[in-house]
Amino acid sequence: MQIKLTISRNLTILQGNSATGKTTLIELIAAYDELGEDSGAFVNCAAPCKVLAGRNWMRDLTAIENSIVFIDEDNAFMRTYEFAHAARHSSNYYVLVARESLPQLPYSVDEIYGLRNTNRSTTKYPVYSRTYASTYRVYGSSSFDGSRPDVVVVEDSNSGFEFFNALCKRSGIPCISAGGKSNVYNAVLERQESNILVIADGAAFGPEMELLTSLQRFKNIQLFLPESFEWLVLQSGLFNDKQTRDMLANPAAYIESESFFSWEQFFTHELIEKTQGTYLAYDKSKLSSAYLDDHVSKKIEGRLPQLGL
């Protein structure tokens, strides 16, 4: 068996059906960590790979630094706030096998993967065929066709909501704030409209996707899930220096997980730093009127896909 994973962020979720290799992956990593090549497994990775399990997980985690930590779904501690706090204050990246959502962790929509098996047999005897497990994204970050929505539901109630609310007013479309990512499902469920556009920070919206997409069975719910509103502003071209362009092209090379548990936090920090002392000085809690001026607003709108607004 050969399994390949690319780890870009400090939280990666593995989902999927049984017998696709998730538990086998963790067992092989644990065996290699314990016995090296004598285990019959081989791990090729630029960072140490560790497995965290059992009742002494907190003690064991304190001894792990700058590593990729794998945790199987049968470890109940993974769903606790104690683990979320410990992970947030560590220097590690985490790969979590979890079929259920983990609302206490801010993981990205783009980092929820399934494993699928593909056999490349070079022999007529199936018992000798080699199994390759490849990853696929469970959710896309956006899904919309550009049609005009009946209502727009925005995750937050701060600067991002103020900007999208202003856009919606110009188009005569109702725009409401859900008041937080955990409230988006109920906000959509309670609306009478059938055509709903949801705008949320994709960098931390992963735990809400399963419930929200379940509503697509009886409502036309379109999703616009950029990394964050701050990411949209940085992408707009208002800051066209080389450092910003390079950072946006490869965020993983610039974001230190020990300092920023989610990419949304990093992009907020970057925007505040870049605009400090300027007419675009950014405050997450209240949007400066400068961002609603025609020149600035159109720059940001120019980076938006066709949302029907």
# chains A, B, ... in the order shown; residues from 1 in each chain; ligands from 1

$ residues_around --residues "region 249-266 of chain A" --least-positions-apart "6" --cutoff "9 Å" --atoms "only C-alpha atoms" --output "list in words"
Ser8, Arg9, Asn10, Leu11, Ala87, Arg88, His89, Ser90, Ser91, Asn92, Tyr93, Pro106, Tyr107, Ser108, Asp201, Gly202, Ala203, Ala204, Glu227, Ser228, Phe229, Glu230 and Trp231 of chain A

$ select_by_dssp --residues "region 91-306 of chain A" --states "alpha helix (DSSP H)" --output "MDAnalysis selection string"
chainID A and resid 159:171 184:190 209:214 229:235 242:249 263:275 294:301

$ select_by_dssp --residues "region 74-230 of chain A" --states "strand (DSSP E)" --output "PyMOL selection string"
chain A and resi 93-97+112-119+131-137+142-143+151-154+175-177+195-199+220-224

$ residues_around --residues "region 46-55 of chain A" --least-positions-apart "4" --cutoff "12 Å" --atoms "only C-alpha atoms" --output "tab-separated table (two decimals) with all heavy atoms, in the first residue's frame"
chain	number	residue	atom	x	y	z
A	6	THR	N	-0.56	15.61	1.00
A	6	THR	CA	0.08	16.92	1.01
A	6	THR	C	-0.54	17.73	2.13
A	6	THR	O	-1.75	17.96	2.14
A	6	THR	CB	-0.12	17.65	-0.34
A	6	THR	OG1	0.45	16.87	-1.38
A	6	THR	CG2	0.56	19.02	-0.30
A	7	ILE	N	0.29	18.14	3.08
A	7	ILE	CA	-0.20	18.89	4.24
A	7	ILE	C	0.15	20.36	4.07
A	7	ILE	O	1.33	20.73	4.05
A	7	ILE	CB	0.43	18.36	5.55
A	7	ILE	CG1	0.25	16.83	5.65
A	7	ILE	CG2	-0.16	19.06	6.76
A	7	ILE	CD1	-1.18	16.38	5.64
A	23	THR	N	-7.29	4.19	8.78
A	23	THR	CA	-6.72	3.58	9.99
A	23	THR	C	-5.39	2.91	9.67
A	23	THR	O	-4.45	2.96	10.48
A	23	THR	CB	-7.71	2.58	10.59
A	23	THR	OG1	-8.91	3.28	10.97
A	23	THR	CG2	-7.12	1.91	11.83
A	25	LEU	N	-3.21	3.86	7.54
A	25	LEU	CA	-2.22	4.93	7.47
A	25	LEU	C	-1.66	5.22	8.86
A	25	LEU	O	-0.43	5.30	9.06
A	25	LEU	CB	-2.87	6.19	6.89
A	25	LEU	CG	-2.08	7.50	7.03
A	25	LEU	CD1	-0.80	7.45	6.22
A	25	LEU	CD2	-2.95	8.69	6.62
A	26	ILE	N	-2.53	5.39	9.84
A	26	ILE	CA	-2.09	5.71	11.19
A	26	ILE	C	-1.32	4.55	11.81
A	26	ILE	O	-0.30	4.75	12.49
A	26	ILE	CB	-3.31	6.12	12.04
A	26	ILE	CG1	-3.83	7.47	11.54
A	26	ILE	CG2	-2.95	6.19	13.52
A	26	ILE	CD1	-5.02	8.00	12.27
A	27	GLU	N	-1.77	3.33	11.57
A	27	GLU	CA	-1.06	2.16	12.11
A	27	GLU	C	0.36	2.06	11.53
A	27	GLU	O	1.31	1.73	12.25
A	27	GLU	CB	-1.85	0.89	11.80
A	27	GLU	CG	-3.14	0.78	12.60
A	27	GLU	CD	-3.99	-0.41	12.17
A	27	GLU	OE1	-3.68	-0.98	11.08
A	27	GLU	OE2	-4.95	-0.75	12.88
A	28	LEU	N	0.50	2.35	10.25
A	28	LEU	CA	1.82	2.28	9.62
A	28	LEU	C	2.76	3.36	10.15
A	28	LEU	O	3.94	3.12	10.37
A	28	LEU	CB	1.68	2.40	8.10
A	28	LEU	CG	1.01	1.23	7.39
A	28	LEU	CD1	0.79	1.55	5.91
A	28	LEU	CD2	1.84	-0.04	7.53
A	29	ILE	N	2.21	4.55	10.36
A	29	ILE	CA	3.04	5.65	10.90
A	29	ILE	C	3.49	5.32	12.32
A	29	ILE	O	4.65	5.54	12.69
A	29	ILE	CB	2.26	6.98	10.86
A	29	ILE	CG1	2.09	7.43	9.41
A	29	ILE	CG2	2.97	8.06	11.67
A	29	ILE	CD1	1.18	8.62	9.24
A	30	ALA	N	2.58	4.78	13.13
A	30	ALA	CA	2.93	4.40	14.50
A	30	ALA	C	4.01	3.31	14.51
A	30	ALA	O	4.96	3.36	15.30
A	30	ALA	CB	1.69	3.94	15.26
A	31	ALA	N	3.86	2.34	13.61
A	31	ALA	CA	4.85	1.26	13.54
A	31	ALA	C	6.21	1.78	13.12
A	31	ALA	O	7.25	1.40	13.68
A	31	ALA	CB	4.36	0.19	12.57
A	32	TYR	N	6.23	2.68	12.14
A	32	TYR	CA	7.50	3.23	11.67
A	32	TYR	C	8.17	4.08	12.74
A	32	TYR	O	9.39	4.05	12.93
A	32	TYR	CB	7.27	4.07	10.41
A	32	TYR	CG	8.55	4.64	9.82
A	32	TYR	CD1	9.38	3.87	9.03
A	32	TYR	CD2	8.91	5.97	10.08
A	32	TYR	CE1	10.55	4.38	8.50
A	32	TYR	CE2	10.08	6.49	9.56
A	32	TYR	CZ	10.90	5.69	8.77
A	32	TYR	OH	12.06	6.21	8.25
A	33	ASP	N	7.35	4.84	13.49
A	33	ASP	CA	7.90	5.67	14.56
A	33	ASP	C	8.52	4.81	15.66
A	33	ASP	O	9.52	5.19	16.28
A	33	ASP	CB	6.78	6.55	15.14
A	33	ASP	CG	7.30	7.57	16.14
A	33	ASP	OD1	8.36	8.17	15.88
A	33	ASP	OD2	6.66	7.76	17.18
A	34	GLU	N	7.94	3.64	15.88
A	34	GLU	CA	8.42	2.75	16.94
A	34	GLU	C	9.62	1.89	16.50
A	34	GLU	O	10.60	1.74	17.23
A	34	GLU	CB	7.28	1.83	17.39
A	34	GLU	CG	7.64	0.82	18.47
A	34	GLU	CD	7.86	1.47	19.82
A	34	GLU	OE1	7.35	2.59	20.03
A	34	GLU	OE2	8.53	0.85	20.67
A	36	GLY	N	11.08	1.94	13.07
A	36	GLY	CA	11.82	2.35	11.88
A	36	GLY	C	11.54	1.42	10.72
A	36	GLY	O	10.44	0.85	10.60
A	42	PHE	N	7.60	2.58	5.50
A	42	PHE	CA	8.55	3.66	5.25
A	42	PHE	C	7.79	4.97	5.14
A	42	PHE	O	6.80	5.06	4.41
A	42	PHE	CB	9.34	3.41	3.96
A	42	PHE	CG	10.31	4.51	3.64
A	42	PHE	CD1	11.46	4.69	4.40
A	42	PHE	CD2	10.06	5.37	2.59
A	42	PHE	CE1	12.35	5.72	4.12
A	42	PHE	CE2	10.95	6.41	2.30
A	42	PHE	CZ	12.09	6.58	3.07
A	59	ARG	N	-0.12	14.55	28.12
A	59	ARG	CA	1.27	14.41	28.53
A	59	ARG	C	2.15	14.12	27.32
A	59	ARG	O	3.22	14.72	27.15
A	59	ARG	CB	1.40	13.28	29.55
A	59	ARG	CG	2.83	13.04	30.06
A	59	ARG	CD	2.97	11.64	30.62
A	59	ARG	NE	2.79	10.63	29.58
A	59	ARG	CZ	2.65	9.33	29.83
A	59	ARG	NH1	2.63	8.88	31.07
A	59	ARG	NH2	2.51	8.47	28.83
A	60	ASP	N	1.69	13.21	26.47
A	60	ASP	CA	2.49	12.85	25.30
A	60	ASP	C	2.64	14.02	24.34
A	60	ASP	O	3.69	14.19	23.71
A	60	ASP	CB	1.84	11.66	24.58
A	60	ASP	CG	1.83	10.40	25.43
A	60	ASP	OD1	2.62	10.34	26.40
A	60	ASP	OD2	1.02	9.49	25.14
A	61	LEU	N	1.59	14.82	24.21
A	61	LEU	CA	1.63	15.93	23.26
A	61	LEU	C	2.65	16.99	23.66
A	61	LEU	O	3.26	17.65	22.81
A	61	LEU	CB	0.23	16.57	23.12
A	61	LEU	CG	0.09	17.69	22.08
A	61	LEU	CD1	0.51	17.20	20.69
A	61	LEU	CD2	-1.34	18.20	22.05
A	62	THR	N	2.86	17.17	24.96
A	62	THR	CA	3.84	18.17	25.41
A	62	THR	C	5.26	17.84	24.96
A	62	THR	O	6.12	18.72	24.92
A	62	THR	CB	3.82	18.30	26.95
A	62	THR	OG1	4.14	17.02	27.54
A	62	THR	CG2	2.46	18.75	27.44
A	63	ALA	N	5.50	16.58	24.62
A	63	ALA	CA	6.84	16.16	24.18
A	63	ALA	C	7.00	16.20	22.66
A	63	ALA	O	8.07	15.89	22.14
A	63	ALA	CB	7.14	14.76	24.69
A	64	ILE	N	5.94	16.59	21.94
A	64	ILE	CA	5.98	16.61	20.47
A	64	ILE	C	6.02	18.05	19.98
A	64	ILE	O	5.16	18.86	20.34
A	64	ILE	CB	4.76	15.88	19.88
A	64	ILE	CG1	4.68	14.45	20.40
A	64	ILE	CG2	4.81	15.89	18.36
A	64	ILE	CD1	3.41	13.71	19.95
A	65	GLU	N	7.01	18.36	19.17
A	65	GLU	CA	7.14	19.71	18.62
A	65	GLU	C	7.47	19.63	17.14
A	65	GLU	O	8.15	18.72	16.69
A	65	GLU	CB	8.24	20.50	19.34
A	65	GLU	CG	7.97	20.76	20.82
A	65	GLU	CD	9.10	21.55	21.46
A	65	GLU	OE1	10.17	21.67	20.83
A	65	GLU	OE2	8.91	22.04	22.58
A	66	ASN	N	6.99	20.64	16.38
A	66	ASN	CA	7.33	20.79	14.96
A	66	ASN	C	7.15	19.49	14.18
A	66	ASN	O	7.99	19.11	13.36
A	66	ASN	CB	8.78	21.29	14.82
A	66	ASN	CG	8.99	22.62	15.51
A	66	ASN	OD1	8.20	23.55	15.34
A	66	ASN	ND2	10.04	22.71	16.31
A	67	SER	N	6.06	18.80	14.45
A	67	SER	CA	5.78	17.52	13.81
A	67	SER	C	4.39	17.52	13.20
A	67	SER	O	3.59	18.43	13.42
A	67	SER	CB	5.87	16.38	14.85
A	67	SER	OG	7.15	16.32	15.44
A	68	ILE	N	4.12	16.49	12.39
A	68	ILE	CA	2.78	16.24	11.90
A	68	ILE	C	2.18	15.14	12.76
A	68	ILE	O	2.72	14.03	12.82
A	68	ILE	CB	2.77	15.83	10.42
A	68	ILE	CG1	3.40	16.94	9.57
A	68	ILE	CG2	1.35	15.56	9.94
A	68	ILE	CD1	3.55	16.58	8.10
A	69	VAL	N	1.11	15.46	13.47
A	69	VAL	CA	0.51	14.55	14.45
A	69	VAL	C	-0.76	13.95	13.87
A	69	VAL	O	-1.68	14.68	13.47
A	69	VAL	CB	0.21	15.29	15.77
A	69	VAL	CG1	-0.43	14.34	16.77
A	69	VAL	CG2	1.49	15.88	16.35
A	70	PHE	N	-0.83	12.63	13.83
A	70	PHE	CA	-1.99	11.92	13.30
A	70	PHE	C	-2.82	11.36	14.45
A	70	PHE	O	-2.27	10.80	15.40
A	70	PHE	CB	-1.54	10.76	12.40
A	70	PHE	CG	-0.88	11.20	11.12
A	70	PHE	CD1	0.41	11.69	11.11
A	70	PHE	CD2	-1.57	11.13	9.92
A	70	PHE	CE1	1.03	12.09	9.93
A	70	PHE	CE2	-0.97	11.53	8.73
A	70	PHE	CZ	0.33	12.01	8.74
A	71	ILE	N	-4.14	11.52	14.36
A	71	ILE	CA	-5.04	11.05	15.42
A	71	ILE	C	-6.21	10.32	14.77
A	71	ILE	O	-6.88	10.86	13.87
A	71	ILE	CB	-5.56	12.21	16.29
A	71	ILE	CG1	-4.40	13.04	16.84
A	71	ILE	CG2	-6.43	11.69	17.42
A	71	ILE	CD1	-4.84	14.27	17.61
A	72	ASP	N	-6.48	9.09	15.22
A	72	ASP	CA	-7.58	8.31	14.67
A	72	ASP	C	-8.89	8.68	15.36
A	72	ASP	O	-8.90	9.20	16.48
A	72	ASP	CB	-7.29	6.82	14.85
A	72	ASP	CG	-8.02	5.97	13.81
A	72	ASP	OD1	-8.81	6.54	13.03
A	72	ASP	OD2	-7.80	4.75	13.77
A	73	GLU	N	-9.99	8.37	14.70
A	73	GLU	CA	-11.30	8.85	15.16
A	73	GLU	C	-11.79	8.18	16.43
A	73	GLU	O	-12.72	8.67	17.07
A	73	GLU	CB	-12.33	8.64	14.05
A	73	GLU	CG	-12.52	7.21	13.62
A	73	GLU	CD	-13.43	7.10	12.40
A	73	GLU	OE1	-14.20	8.04	12.16
A	73	GLU	OE2	-13.35	6.08	11.70
A	74	ASP	N	-11.20	7.06	16.84
A	74	ASP	CA	-11.66	6.40	18.06
A	74	ASP	C	-11.11	7.05	19.33
A	74	ASP	O	-11.38	6.57	20.43
A	74	ASP	CB	-11.33	4.91	18.04
A	74	ASP	CG	-9.84	4.64	17.89
A	74	ASP	OD1	-9.07	5.61	17.78
A	74	ASP	OD2	-9.46	3.45	17.87
A	75	ASN	N	-10.35	8.11	19.20
A	75	ASN	CA	-9.83	8.85	20.35
A	75	ASN	C	-10.78	10.01	20.68
A	75	ASN	O	-10.79	11.04	20.00
A	75	ASN	CB	-8.43	9.39	20.06
A	75	ASN	CG	-7.40	8.27	19.99
A	75	ASN	OD1	-6.95	7.75	21.01
A	75	ASN	ND2	-7.03	7.90	18.77
A	76	ALA	N	-11.57	9.83	21.73
A	76	ALA	CA	-12.61	10.81	22.06
A	76	ALA	C	-12.04	12.18	22.42
A	76	ALA	O	-12.70	13.20	22.24
A	76	ALA	CB	-13.46	10.29	23.23
A	77	PHE	N	-10.78	12.23	22.89
A	77	PHE	CA	-10.21	13.51	23.30
A	77	PHE	C	-10.13	14.49	22.13
A	77	PHE	O	-10.09	15.71	22.33
A	77	PHE	CB	-8.82	13.32	23.91
A	77	PHE	CG	-7.74	12.88	22.95
A	77	PHE	CD1	-7.12	13.79	22.12
A	77	PHE	CD2	-7.36	11.55	22.89
A	77	PHE	CE1	-6.12	13.39	21.23
A	77	PHE	CE2	-6.37	11.13	22.00
A	77	PHE	CZ	-5.75	12.06	21.17
A	78	MET	N	-10.08	13.97	20.90
A	78	MET	CA	-9.97	14.82	19.72
A	78	MET	C	-11.15	15.78	19.59
A	78	MET	O	-11.05	16.84	18.98
A	78	MET	CB	-9.87	13.94	18.48
A	78	MET	CG	-9.65	14.66	17.18
A	78	MET	SD	-9.37	13.51	15.81
A	78	MET	CE	-10.93	12.61	15.76
A	83	PHE	N	-8.33	19.50	23.93
A	83	PHE	CA	-7.44	19.22	22.82
A	83	PHE	C	-7.32	20.43	21.89
A	83	PHE	O	-6.22	20.76	21.44
A	83	PHE	CB	-7.94	18.02	22.01
A	83	PHE	CG	-7.20	17.85	20.70
A	83	PHE	CD1	-5.88	17.41	20.70
A	83	PHE	CD2	-7.81	18.16	19.50
A	83	PHE	CE1	-5.18	17.28	19.50
A	83	PHE	CE2	-7.12	18.04	18.30
A	83	PHE	CZ	-5.79	17.60	18.31
A	87	ALA	N	-3.80	22.02	20.96
A	87	ALA	CA	-3.35	22.09	19.57
A	87	ALA	C	-3.08	23.53	19.15
A	87	ALA	O	-2.10	23.81	18.44
A	87	ALA	CB	-4.40	21.46	18.66
A	91	SER	N	3.30	23.78	18.23
A	91	SER	CA	3.97	24.08	16.96
A	91	SER	C	3.72	22.99	15.92
A	91	SER	O	4.40	22.97	14.89
A	91	SER	CB	5.48	24.22	17.20
A	91	SER	OG	6.02	23.02	17.74
A	92	ASN	N	2.78	22.11	16.17
A	92	ASN	CA	2.55	20.97	15.30
A	92	ASN	C	1.45	21.22	14.27
A	92	ASN	O	0.62	22.11	14.43
A	92	ASN	CB	2.14	19.75	16.14
A	92	ASN	CG	3.18	19.39	17.18
A	92	ASN	OD1	4.35	19.22	16.87
A	92	ASN	ND2	2.75	19.30	18.43
A	93	TYR	N	1.46	20.39	13.24
A	93	TYR	CA	0.34	20.28	12.31
A	93	TYR	C	-0.40	18.98	12.67
A	93	TYR	O	0.21	18.05	13.18
A	93	TYR	CB	0.83	20.20	10.87
A	93	TYR	CG	1.20	21.54	10.26
A	93	TYR	CD1	1.81	22.55	11.00
A	93	TYR	CD2	0.93	21.80	8.92
A	93	TYR	CE1	2.15	23.76	10.44
A	93	TYR	CE2	1.26	23.02	8.35
A	93	TYR	CZ	1.87	24.00	9.11
A	93	TYR	OH	2.20	25.21	8.55
A	94	TYR	N	-1.70	18.93	12.36
A	94	TYR	CA	-2.51	17.79	12.78
A	94	TYR	C	-3.31	17.22	11.60
A	94	TYR	O	-3.90	17.97	10.82
A	94	TYR	CB	-3.48	18.20	13.89
A	94	TYR	CG	-2.77	18.60	15.16
A	94	TYR	CD1	-2.31	19.91	15.33
A	94	TYR	CD2	-2.51	17.68	16.17
A	94	TYR	CE1	-1.62	20.29	16.47
A	94	TYR	CE2	-1.82	18.05	17.32
A	94	TYR	CZ	-1.38	19.35	17.46
A	94	TYR	OH	-0.69	19.72	18.60
A	95	VAL	N	-3.29	15.90	11.49
A	95	VAL	CA	-4.14	15.19	10.54
A	95	VAL	C	-5.12	14.36	11.37
A	95	VAL	O	-4.72	13.46	12.10
A	95	VAL	CB	-3.32	14.27	9.62
A	95	VAL	CG1	-4.25	13.50	8.67
A	95	VAL	CG2	-2.32	15.08	8.81
A	96	LEU	N	-6.41	14.70	11.26
A	96	LEU	CA	-7.43	14.11	12.12
A	96	LEU	C	-8.38	13.25	11.29
A	96	LEU	O	-9.00	13.74	10.34
A	96	LEU	CB	-8.22	15.21	12.83
A	96	LEU	CG	-7.38	16.29	13.54
A	96	LEU	CD1	-8.29	17.38	14.10
A	96	LEU	CD2	-6.53	15.68	14.64
A	97	VAL	N	-8.47	11.98	11.63
A	97	VAL	CA	-9.44	11.10	10.98
A	97	VAL	C	-10.76	11.28	11.73
A	97	VAL	O	-10.86	10.93	12.91
A	97	VAL	CB	-8.98	9.64	11.03
A	97	VAL	CG1	-10.06	8.72	10.46
A	97	VAL	CG2	-7.68	9.47	10.24

$ closest_residue --among "A:Asn195, A:Ser159, A:Lys181, A:Ser297" --to "Thr268 (chain A)" --atoms "only C-alpha atoms"
A:Ser159

$ residues_around --residues "Thr135 (chain A)" --least-positions-apart "5" --cutoff "8 Å" --atoms "only C-alpha atoms" --output "MDAnalysis selection string"
chainID A and resid 4:5 113:116

$ residues_around --residues "region 281-287 of chain A" --least-positions-apart "2" --cutoff "8 Å" --atoms "only C-alpha atoms" --output "list of chain:residue names"
A:Asn158, A:Ser159, A:Gly160, A:Glu162, A:Phe163, A:Thr268, A:Leu271, A:Ile272, A:Thr275, A:Gln276, A:Gly277, A:Thr278, A:Tyr279, A:Ser289, A:Tyr291

$ residues_around --residues "Leu215 (chain A)" --least-positions-apart "2" --cutoff "12 Å" --atoms "only C-alpha atoms" --output "PyMOL selection string"
chain A and resi 184-191+194-196+198+208-213+217-222

$ residues_around --residues "Ile173 (chain A)" --least-positions-apart "5" --cutoff "8 Å" --atoms "only C-alpha atoms" --output "PDB file with C-alpha atoms, in the first residue's frame"
ATOM      1  CA  PRO A 149     -30.241  35.208  -4.968  1.00  0.00           C
ATOM      2  CA  ASP A 150     -33.401  36.031  -3.048  1.00  0.00           C
ATOM      3  CA  VAL A 151     -31.381  36.674   0.112  1.00  0.00           C
ATOM      4  CA  VAL A 152     -27.723  36.746   1.164  1.00  0.00           C
ATOM      5  CA  CYS A 168     -26.712  44.067  -1.577  1.00  0.00           C
ATOM      6  CA  LEU A 309     -25.378  40.937  -6.515  1.00  0.00           C
TER       7      LEU A 309
END

$ closest_residue --among "A:Gln15, A:Ser214, A:Ser157, A:Gln2" --to "Ala98 (chain A)" --atoms "only C-alpha atoms"
A:Gln15
